[in-house]
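Text of model_39.pdb (PDB, C-alpha atoms) as supplied:
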ATOM      1  CA  MET A 297      -6.804 -37.729  96.962  1.00  0.00           C
ATOM      2  CA  LEU A 298      -4.840 -34.524  97.482  1.00  0.00           C
ATOM      3  CA  ILE A 299      -6.590 -31.363  96.301  1.00  0.00           C
ATOM      4  CA  PRO A 300      -5.005 -27.884  96.269  1.00  0.00           C
ATOM      5  CA  GLN A 301      -6.475 -25.408  98.730  1.00  0.00           C
ATOM      6  CA  ALA A 302      -7.401 -23.211  95.774  1.00  0.00           C
ATOM      7  CA  TRP A 303     -10.329 -25.501  94.936  1.00  0.00           C
ATOM      8  CA  SER A 304     -11.711 -25.718  98.428  1.00  0.00           C
ATOM      9  CA  GLY A 305     -11.176 -22.021  99.150  1.00  0.00           C
ATOM     10  CA  PHE A 306     -12.961 -20.759  96.013  1.00  0.00           C
ATOM     11  CA  SER A 307      -9.929 -18.655  95.144  1.00  0.00           C
ATOM     12  CA  ARG A 308     -10.950 -18.129  91.529  1.00  0.00           C
ATOM     13  CA  HIS A 309     -13.196 -15.694  89.699  1.00  0.00           C
ATOM     14  CA  GLN A 310     -16.663 -16.149  91.101  1.00  0.00           C
ATOM     15  CA  SER A 311     -18.249 -16.053  87.657  1.00  0.00           C
ATOM     16  CA  VAL A 312     -15.637 -18.051  85.749  1.00  0.00           C
ATOM     17  CA  LYS A 313     -17.119 -20.838  83.651  1.00  0.00           C
ATOM     18  CA  PHE A 314     -15.419 -24.103  82.910  1.00  0.00           C
ATOM     19  CA  HIS A 315     -15.361 -25.474  79.385  1.00  0.00           C
ATOM     20  CA  PRO A 316     -14.217 -29.079  79.608  1.00  0.00           C
ATOM     21  CA  SER A 317     -16.575 -31.727  78.313  1.00  0.00           C
ATOM     22  CA  VAL A 318     -18.109 -32.320  81.737  1.00  0.00           C
ATOM     23  CA  GLN A 319     -21.439 -33.145  80.108  1.00  0.00           C
ATOM     24  CA  ILE A 320     -19.904 -36.443  78.965  1.00  0.00           C
ATOM     25  CA  SER A 321     -19.653 -37.777  82.519  1.00  0.00           C
ATOM     26  CA  THR A 322     -22.349 -39.781  84.284  1.00  0.00           C
ATOM     27  CA  PHE A 323     -23.216 -36.811  86.494  1.00  0.00           C
ATOM     28  CA  GLN A 324     -25.488 -34.290  84.862  1.00  0.00           C
ATOM     29  CA  CYS A 325     -23.602 -31.032  84.655  1.00  0.00           C
ATOM     30  CA  LYS A 326     -24.502 -28.359  82.122  1.00  0.00           C
ATOM     31  CA  ILE A 327     -22.065 -26.954  79.590  1.00  0.00           C
ATOM     32  CA  GLY A 328     -19.796 -24.253  80.967  1.00  0.00           C
ATOM     33  CA  PRO A 329     -21.020 -24.307  84.574  1.00  0.00           C
ATOM     34  CA  PRO A 330     -20.103 -21.378  86.827  1.00  0.00           C
ATOM     35  CA  PHE A 331     -17.259 -22.020  89.270  1.00  0.00           C
ATOM     36  CA  SER A 332     -19.592 -22.588  92.237  1.00  0.00           C
ATOM     37  CA  GLU A 333     -21.606 -25.213  90.324  1.00  0.00           C
ATOM     38  CA  PHE A 334     -18.450 -26.934  89.122  1.00  0.00           C
ATOM     39  CA  THR A 335     -16.977 -27.142  92.626  1.00  0.00           C
ATOM     40  CA  ASN A 336     -20.341 -28.394  93.929  1.00  0.00           C
ATOM     41  CA  TYR A 337     -20.229 -31.024  91.168  1.00  0.00           C
ATOM     42  CA  LEU A 338     -16.739 -32.092  92.293  1.00  0.00           C
ATOM     43  CA  GLN A 339     -17.907 -32.286  95.914  1.00  0.00           C
ATOM     44  CA  THR A 340     -20.959 -34.368  94.922  1.00  0.00           C
ATOM     45  CA  TYR A 341     -18.724 -36.665  92.880  1.00  0.00           C
ATOM     46  CA  ALA A 342     -16.300 -37.095  95.799  1.00  0.00           C
ATOM     47  CA  ASP A 343     -19.173 -37.764  98.216  1.00  0.00           C
ATOM     48  CA  HIS A 344     -20.858 -40.218  95.831  1.00  0.00           C
ATOM     49  CA  PHE A 345     -17.710 -42.332  95.544  1.00  0.00           C
ATOM     50  CA  ALA A 346     -16.595 -41.708  99.156  1.00  0.00           C
ATOM     51  CA  LEU A 347     -13.254 -40.338  97.952  1.00  0.00           C
ATOM     52  CA  PRO A 348     -10.810 -39.415 100.723  1.00  0.00           C
ATOM     53  CA  ILE A 349     -10.094 -35.771  99.867  1.00  0.00           C
ATOM     54  CA  GLN A 350      -7.278 -33.896 101.583  1.00  0.00           C
ATOM     55  CA  THR A 351      -6.691 -30.199 100.914  1.00  0.00           C
ATOM     56  CA  ASP A 352      -3.856 -27.769 101.552  1.00  0.00           C
ATOM     57  CA  THR A 353      -1.196 -30.475 101.332  1.00  0.00           C
ATOM     58  CA  ARG A 354       2.120 -29.944  99.568  1.00  0.00           C
ATOM     59  CA  VAL A 355       3.861 -32.944  98.010  1.00  0.00           C
ATOM     60  CA  MET A 356       7.528 -32.601  98.962  1.00  0.00           C
ATOM     61  CA  ASP A 357       8.865 -35.734  97.252  1.00  0.00           C
ATOM     62  CA  MET A 358       7.587 -38.616  95.150  1.00  0.00           C
ATOM     63  CA  GLN A 359       9.466 -41.811  94.340  1.00  0.00           C
ATOM     64  CA  LYS A 360       8.499 -45.012  92.599  1.00  0.00           C
ATOM     65  CA  ARG A 361       9.362 -48.133  94.556  1.00  0.00           C
ATOM     66  CA  ALA A 362       8.594 -51.349  92.691  1.00  0.00           C
ATOM     67  CA  GLU A 363       4.969 -50.926  91.547  1.00  0.00           C
ATOM     68  CA  THR A 364       4.070 -48.280  94.143  1.00  0.00           C
ATOM     69  CA  PHE A 365       4.528 -44.521  94.298  1.00  0.00           C
ATOM     70  CA  VAL A 366       5.534 -43.154  97.708  1.00  0.00           C
ATOM     71  CA  LEU A 367       4.659 -39.515  98.339  1.00  0.00           C
ATOM     72  CA  GLN A 368       6.152 -37.486 101.162  1.00  0.00           C
ATOM     73  CA  THR A 369       3.807 -34.600 101.982  1.00  0.00           C
ATOM     74  CA  THR A 370       3.419 -31.907 104.593  1.00  0.00           C
ATOM     75  CA  GLN A 371       0.715 -34.108 106.130  1.00  0.00           C
ATOM     76  CA  GLY A 372       2.529 -37.448 106.100  1.00  0.00           C
ATOM     77  CA  THR A 373       3.460 -40.292 103.762  1.00  0.00           C
ATOM     78  CA  TYR A 374       1.094 -41.777 101.175  1.00  0.00           C
ATOM     79  CA  GLN A 375       1.354 -44.745  98.828  1.00  0.00           C
ATOM     80  CA  ALA A 376      -0.483 -45.158  95.541  1.00  0.00           C
ATOM     81  CA  ALA A 377      -0.427 -47.469  92.542  1.00  0.00           C
ATOM     82  CA  THR A 378      -1.254 -44.544  90.259  1.00  0.00           C
ATOM     83  CA  VAL A 379      -0.551 -40.815  90.576  1.00  0.00           C
ATOM     84  CA  ILE A 380      -2.179 -38.182  88.408  1.00  0.00           C
ATOM     85  CA  VAL A 381      -0.511 -34.790  88.500  1.00  0.00           C
ATOM     86  CA  ALA A 382      -3.184 -32.250  87.576  1.00  0.00           C
ATOM     87  CA  THR A 383      -1.884 -29.082  89.147  1.00  0.00           C
ATOM     88  CA  GLY A 384      -1.980 -26.811  86.132  1.00  0.00           C
ATOM     89  CA  PRO A 385       0.868 -24.495  85.207  1.00  0.00           C
ATOM     90  CA  PHE A 386      -0.163 -21.140  86.698  1.00  0.00           C
ATOM     91  CA  HIS A 387      -0.207 -21.340  90.485  1.00  0.00           C
ATOM     92  CA  HIS A 388       2.080 -18.429  91.211  1.00  0.00           C
ATOM     93  CA  PRO A 389       1.408 -14.987  89.770  1.00  0.00           C
ATOM     94  CA  ARG A 390       4.099 -13.727  87.404  1.00  0.00           C
ATOM     95  CA  ILE A 391       4.273  -9.984  87.824  1.00  0.00           C
ATOM     96  CA  PRO A 392       6.789  -8.094  85.671  1.00  0.00           C
ATOM     97  CA  ALA A 393       9.510  -6.148  87.490  1.00  0.00           C
ATOM     98  CA  PHE A 394       8.351  -2.803  86.068  1.00  0.00           C
ATOM     99  CA  ALA A 395       5.003  -3.166  87.876  1.00  0.00           C
ATOM    100  CA  SER A 396       6.565  -1.865  91.092  1.00  0.00           C
ATOM    101  CA  ALA A 397       7.685   1.286  89.236  1.00  0.00           C
ATOM    102  CA  LEU A 398       4.130   2.243  88.254  1.00  0.00           C
ATOM    103  CA  SER A 399       2.400   5.027  90.135  1.00  0.00           C
ATOM    104  CA  PRO A 400       0.657   3.891  93.332  1.00  0.00           C
ATOM    105  CA  GLN A 401      -2.469   5.463  91.826  1.00  0.00           C
ATOM    106  CA  VAL A 402      -2.503   2.674  89.234  1.00  0.00           C
ATOM    107  CA  GLU A 403      -4.543  -0.073  90.864  1.00  0.00           C
ATOM    108  CA  GLN A 404      -2.953  -3.443  90.043  1.00  0.00           C
ATOM    109  CA  LEU A 405      -4.646  -6.780  90.592  1.00  0.00           C
ATOM    110  CA  HIS A 406      -3.425 -10.171  89.380  1.00  0.00           C
ATOM    111  CA  SER A 407      -6.020 -12.618  88.084  1.00  0.00           C
ATOM    112  CA  ALA A 408      -5.158 -14.936  90.996  1.00  0.00           C
ATOM    113  CA  ALA A 409      -6.629 -12.318  93.363  1.00  0.00           C
ATOM    114  CA  TYR A 410      -9.563 -11.277  91.142  1.00  0.00           C
ATOM    115  CA  ARG A 411     -13.016 -12.478  92.249  1.00  0.00           C
ATOM    116  CA  ASN A 412     -15.590 -10.110  90.761  1.00  0.00           C
ATOM    117  CA  PRO A 413     -16.050  -6.615  89.262  1.00  0.00           C
ATOM    118  CA  SER A 414     -16.808  -5.017  92.645  1.00  0.00           C
ATOM    119  CA  GLN A 415     -13.060  -5.137  93.395  1.00  0.00           C
ATOM    120  CA  ILE A 416     -12.287  -2.766  90.530  1.00  0.00           C
ATOM    121  CA  PRO A 417     -12.512   1.014  91.091  1.00  0.00           C
ATOM    122  CA  PRO A 418     -14.477   3.116  88.580  1.00  0.00           C
ATOM    123  CA  GLY A 419     -12.768   4.046  85.328  1.00  0.00           C
ATOM    124  CA  PRO A 420     -10.995   2.403  82.418  1.00  0.00           C
ATOM    125  CA  VAL A 421      -9.335  -0.996  82.863  1.00  0.00           C
ATOM    126  CA  LEU A 422      -6.385  -2.565  81.051  1.00  0.00           C
ATOM    127  CA  VAL A 423      -6.320  -6.366  81.160  1.00  0.00           C
ATOM    128  CA  VAL A 424      -2.864  -7.684  80.287  1.00  0.00           C
ATOM    129  CA  GLY A 425      -2.916 -11.176  78.788  1.00  0.00           C
ATOM    130  CA  ALA A 426      -5.620 -12.748  76.673  1.00  0.00           C
ATOM    131  CA  GLY A 427      -5.603 -16.370  77.777  1.00  0.00           C
ATOM    132  CA  ASP A 428      -8.670 -17.868  79.451  1.00  0.00           C
ATOM    133  CA  SER A 429      -8.368 -15.750  82.607  1.00  0.00           C
ATOM    134  CA  GLY A 430      -7.600 -12.504  80.807  1.00  0.00           C
ATOM    135  CA  ALA A 431     -10.298 -12.874  78.161  1.00  0.00           C
ATOM    136  CA  HIS A 432     -12.923 -13.905  80.716  1.00  0.00           C
ATOM    137  CA  THR A 433     -11.990 -11.051  83.056  1.00  0.00           C
ATOM    138  CA  ALA A 434     -12.075  -8.502  80.219  1.00  0.00           C
ATOM    139  CA  ALA A 435     -15.487  -9.725  79.037  1.00  0.00           C
ATOM    140  CA  GLU A 436     -16.897  -9.614  82.561  1.00  0.00           C
ATOM    141  CA  LEU A 437     -15.507  -6.145  83.319  1.00  0.00           C
ATOM    142  CA  ALA A 438     -16.710  -4.737  79.979  1.00  0.00           C
ATOM    143  CA  HIS A 439     -20.253  -4.652  81.401  1.00  0.00           C
ATOM    144  CA  ALA A 440     -19.216  -1.925  83.863  1.00  0.00           C
ATOM    145  CA  HIS A 441     -15.942  -0.405  82.584  1.00  0.00           C
ATOM    146  CA  PRO A 442     -14.241   0.692  79.391  1.00  0.00           C
ATOM    147  CA  VAL A 443     -11.810  -2.225  78.899  1.00  0.00           C
ATOM    148  CA  SER A 444      -8.672  -2.640  76.803  1.00  0.00           C
ATOM    149  CA  LEU A 445      -7.126  -6.072  76.337  1.00  0.00           C
ATOM    150  CA  ALA A 446      -3.351  -6.275  75.778  1.00  0.00           C
ATOM    151  CA  ALA A 447      -1.918  -9.394  74.159  1.00  0.00           C
ATOM    152  CA  ALA A 448       1.420 -10.425  72.691  1.00  0.00           C
ATOM    153  CA  HIS A 449      -0.134 -11.734  69.465  1.00  0.00           C
ATOM    154  CA  PRO A 450      -3.220 -10.990  67.346  1.00  0.00           C
ATOM    155  CA  LEU A 451      -6.376 -12.390  68.910  1.00  0.00           C
ATOM    156  CA  TYR A 452      -8.927 -14.658  67.288  1.00  0.00           C
ATOM    157  CA  PHE A 453     -12.091 -15.293  69.252  1.00  0.00           C
ATOM    158  CA  VAL A 454     -14.565 -18.039  68.470  1.00  0.00           C
ATOM    159  CA  PRO A 455     -17.984 -18.588  70.047  1.00  0.00           C
ATOM    160  CA  LEU A 456     -18.027 -20.797  73.137  1.00  0.00           C
ATOM    161  CA  THR A 457     -21.227 -22.478  71.969  1.00  0.00           C
ATOM    162  CA  LEU A 458     -22.488 -23.586  68.578  1.00  0.00           C
ATOM    163  CA  LEU A 459     -26.007 -24.903  67.987  1.00  0.00           C
ATOM    164  CA  GLY A 460     -26.530 -25.149  71.755  1.00  0.00           C
ATOM    165  CA  LYS A 461     -23.417 -27.218  72.442  1.00  0.00           C
ATOM    166  CA  SER A 462     -20.076 -26.201  73.885  1.00  0.00           C
ATOM    167  CA  LEU A 463     -17.323 -25.681  71.332  1.00  0.00           C
ATOM    168  CA  PHE A 464     -15.330 -28.164  73.424  1.00  0.00           C
ATOM    169  CA  TRP A 465     -18.045 -30.788  72.843  1.00  0.00           C
ATOM    170  CA  TYR A 466     -17.322 -30.556  69.104  1.00  0.00           C
ATOM    171  CA  LEU A 467     -13.541 -30.478  69.610  1.00  0.00           C
ATOM    172  CA  ASP A 468     -13.812 -33.590  71.783  1.00  0.00           C
ATOM    173  CA  ARG A 469     -16.040 -35.459  69.287  1.00  0.00           C
ATOM    174  CA  LEU A 470     -13.672 -34.599  66.423  1.00  0.00           C
ATOM    175  CA  HIS A 471     -10.675 -35.642  68.574  1.00  0.00           C
ATOM    176  CA  LEU A 472      -9.128 -32.219  68.035  1.00  0.00           C
ATOM    177  CA  LEU A 473      -8.296 -31.930  71.745  1.00  0.00           C
ATOM    178  CA  GLU A 474      -5.855 -34.805  71.198  1.00  0.00           C
ATOM    179  CA  VAL A 475      -4.066 -33.318  68.165  1.00  0.00           C
ATOM    180  CA  ASP A 476      -0.280 -33.194  68.451  1.00  0.00           C
ATOM    181  CA  GLY A 477       0.845 -29.563  68.169  1.00  0.00           C
ATOM    182  CA  THR A 478       3.946 -30.542  66.208  1.00  0.00           C
ATOM    183  CA  ARG A 479       2.033 -31.994  63.244  1.00  0.00           C
ATOM    184  CA  SER A 480       0.533 -29.940  60.448  1.00  0.00           C
ATOM    185  CA  LEU A 481      -3.086 -29.910  61.723  1.00  0.00           C
ATOM    186  CA  GLY A 482      -1.940 -29.230  65.282  1.00  0.00           C
ATOM    187  CA  ALA A 483       0.376 -26.441  64.154  1.00  0.00           C
ATOM    188  CA  TRP A 484      -2.457 -24.897  62.117  1.00  0.00           C
ATOM    189  CA  LEU A 485      -4.875 -25.080  65.073  1.00  0.00           C
ATOM    190  CA  LYS A 486      -2.318 -23.481  67.397  1.00  0.00           C
ATOM    191  CA  ALA A 487      -1.634 -20.611  64.947  1.00  0.00           C
TER     192      ALA A 487
END
Target encoding structure tokens, full file:
Amino acid sequence: MLIPQAWSGFSRHQSVKFHPSVQISTFQCKIGPPFSEFTNYLQTYADHFALPIQTDTRVMDMQKRAETFVLQTTQGTYQAATVIVATGPFHHPRIPAFASALSPQVEQLHSAAYRNPSQIPPGPVLVVGAGDSGAHTAAELAHAHPVSLAAAHPLYFVPLTLLGKSLFWYLDRLHLLEVDGTRSLGAWLKA
């Protein structure tokens, strides 16, 4: 099993909470565990099943030969009957060109480098982007700073828990996490 270095190096917000339906699994893991608990959960899971984990390995090429996938990596060649690509879309920070034209007195920090509020100097903060990372960062920083949140579209926030259960627990039970975004219900949910 190839795991990005980001997971093993704890290169995410230290207080970020995960919202998948991890409570459904056979391991007991509370709703929305902090990053450290979630990574400990993954390590326990890997240890329990004696999974061969390899970190910091780049897949250079993958080809299907008969019923087997052959992966060429920076650490050698691997073969597998099944490959799951779960890398996520946001591994490399996208910083707009105008950022370099801002005054050096404007402290800039991408969410990929953000760990906790102690990194942020005193004063007001502008968080650009209101996806999971941006919204979480803004909420966390609001305890110690005046925070503004910039987004491309109007924002609609819903509670993360309802009646003691994660919102994602309900979405999973109602099969709304599987809704096709091109159909009417999916289009309405995305709006």
Have a look at atom CA of A:Pro389 and atom CA of A:Ser407 and let me know their distance in Å, one decimal.
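According to the coordinates, atom CA of A:Pro389 and atom CA of A:Ser407 are separated by 8.0 Å.
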All residues 12 Å or closer to A:Gly372, only C-alpha atoms, same chain fewer than 6 positions away omitted, as an MDAnalysis selection string
chainID A and resid 298 350 353:357 366
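Counting only C-alpha atoms and comparing A:Val379, A:Thr335, A:Asp428, A:Glu436, the residue that lies closest to A:Ser414 is A:Glu436.
Between atom CA of A:Ala408 and atom CA of A:Leu463 the interatomic distance comes to 25.5 Å.
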Between atom CA of A:Gln368 and atom CA of A:His388, distance in Å (one decimal):
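The value is 21.9 Å.
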Selected by the PyMOL selection byres ((chain A and resi 378) around 8) in the shown coordinates: which residues, as an MDAnalysis selection string?
chainID A and resid 364:365 376:377 379:380
Using all atoms listed in the file and a cutoff of 10 Å, can you tell me which residues are near (-11.6, 2.7, 74.3) in the file's coordinates, and write them out as a list in words?
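Counting all atoms listed in the file, I find these residues within 10 Å of (-11.6, 2.7, 74.3): Pro420, Val421, His441, Pro442, Val443 and Ser444 of chain A.
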Residues near A:Ile391, cut-off 12 Å, all atoms listed in the file, skip fewer than 4 positions along chain, as a list in words:
Ala395, Ser396, Ala397, Gln404, Leu405, His406, Ser407, Ala408, Val424 and Gly425 of chain A
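Restricting the calculation to only C-alpha atoms, the smallest distance between A:Met358 and any of A:Val381, A:Tyr337, A:His344, A:Asp468 is found for A:Val381.
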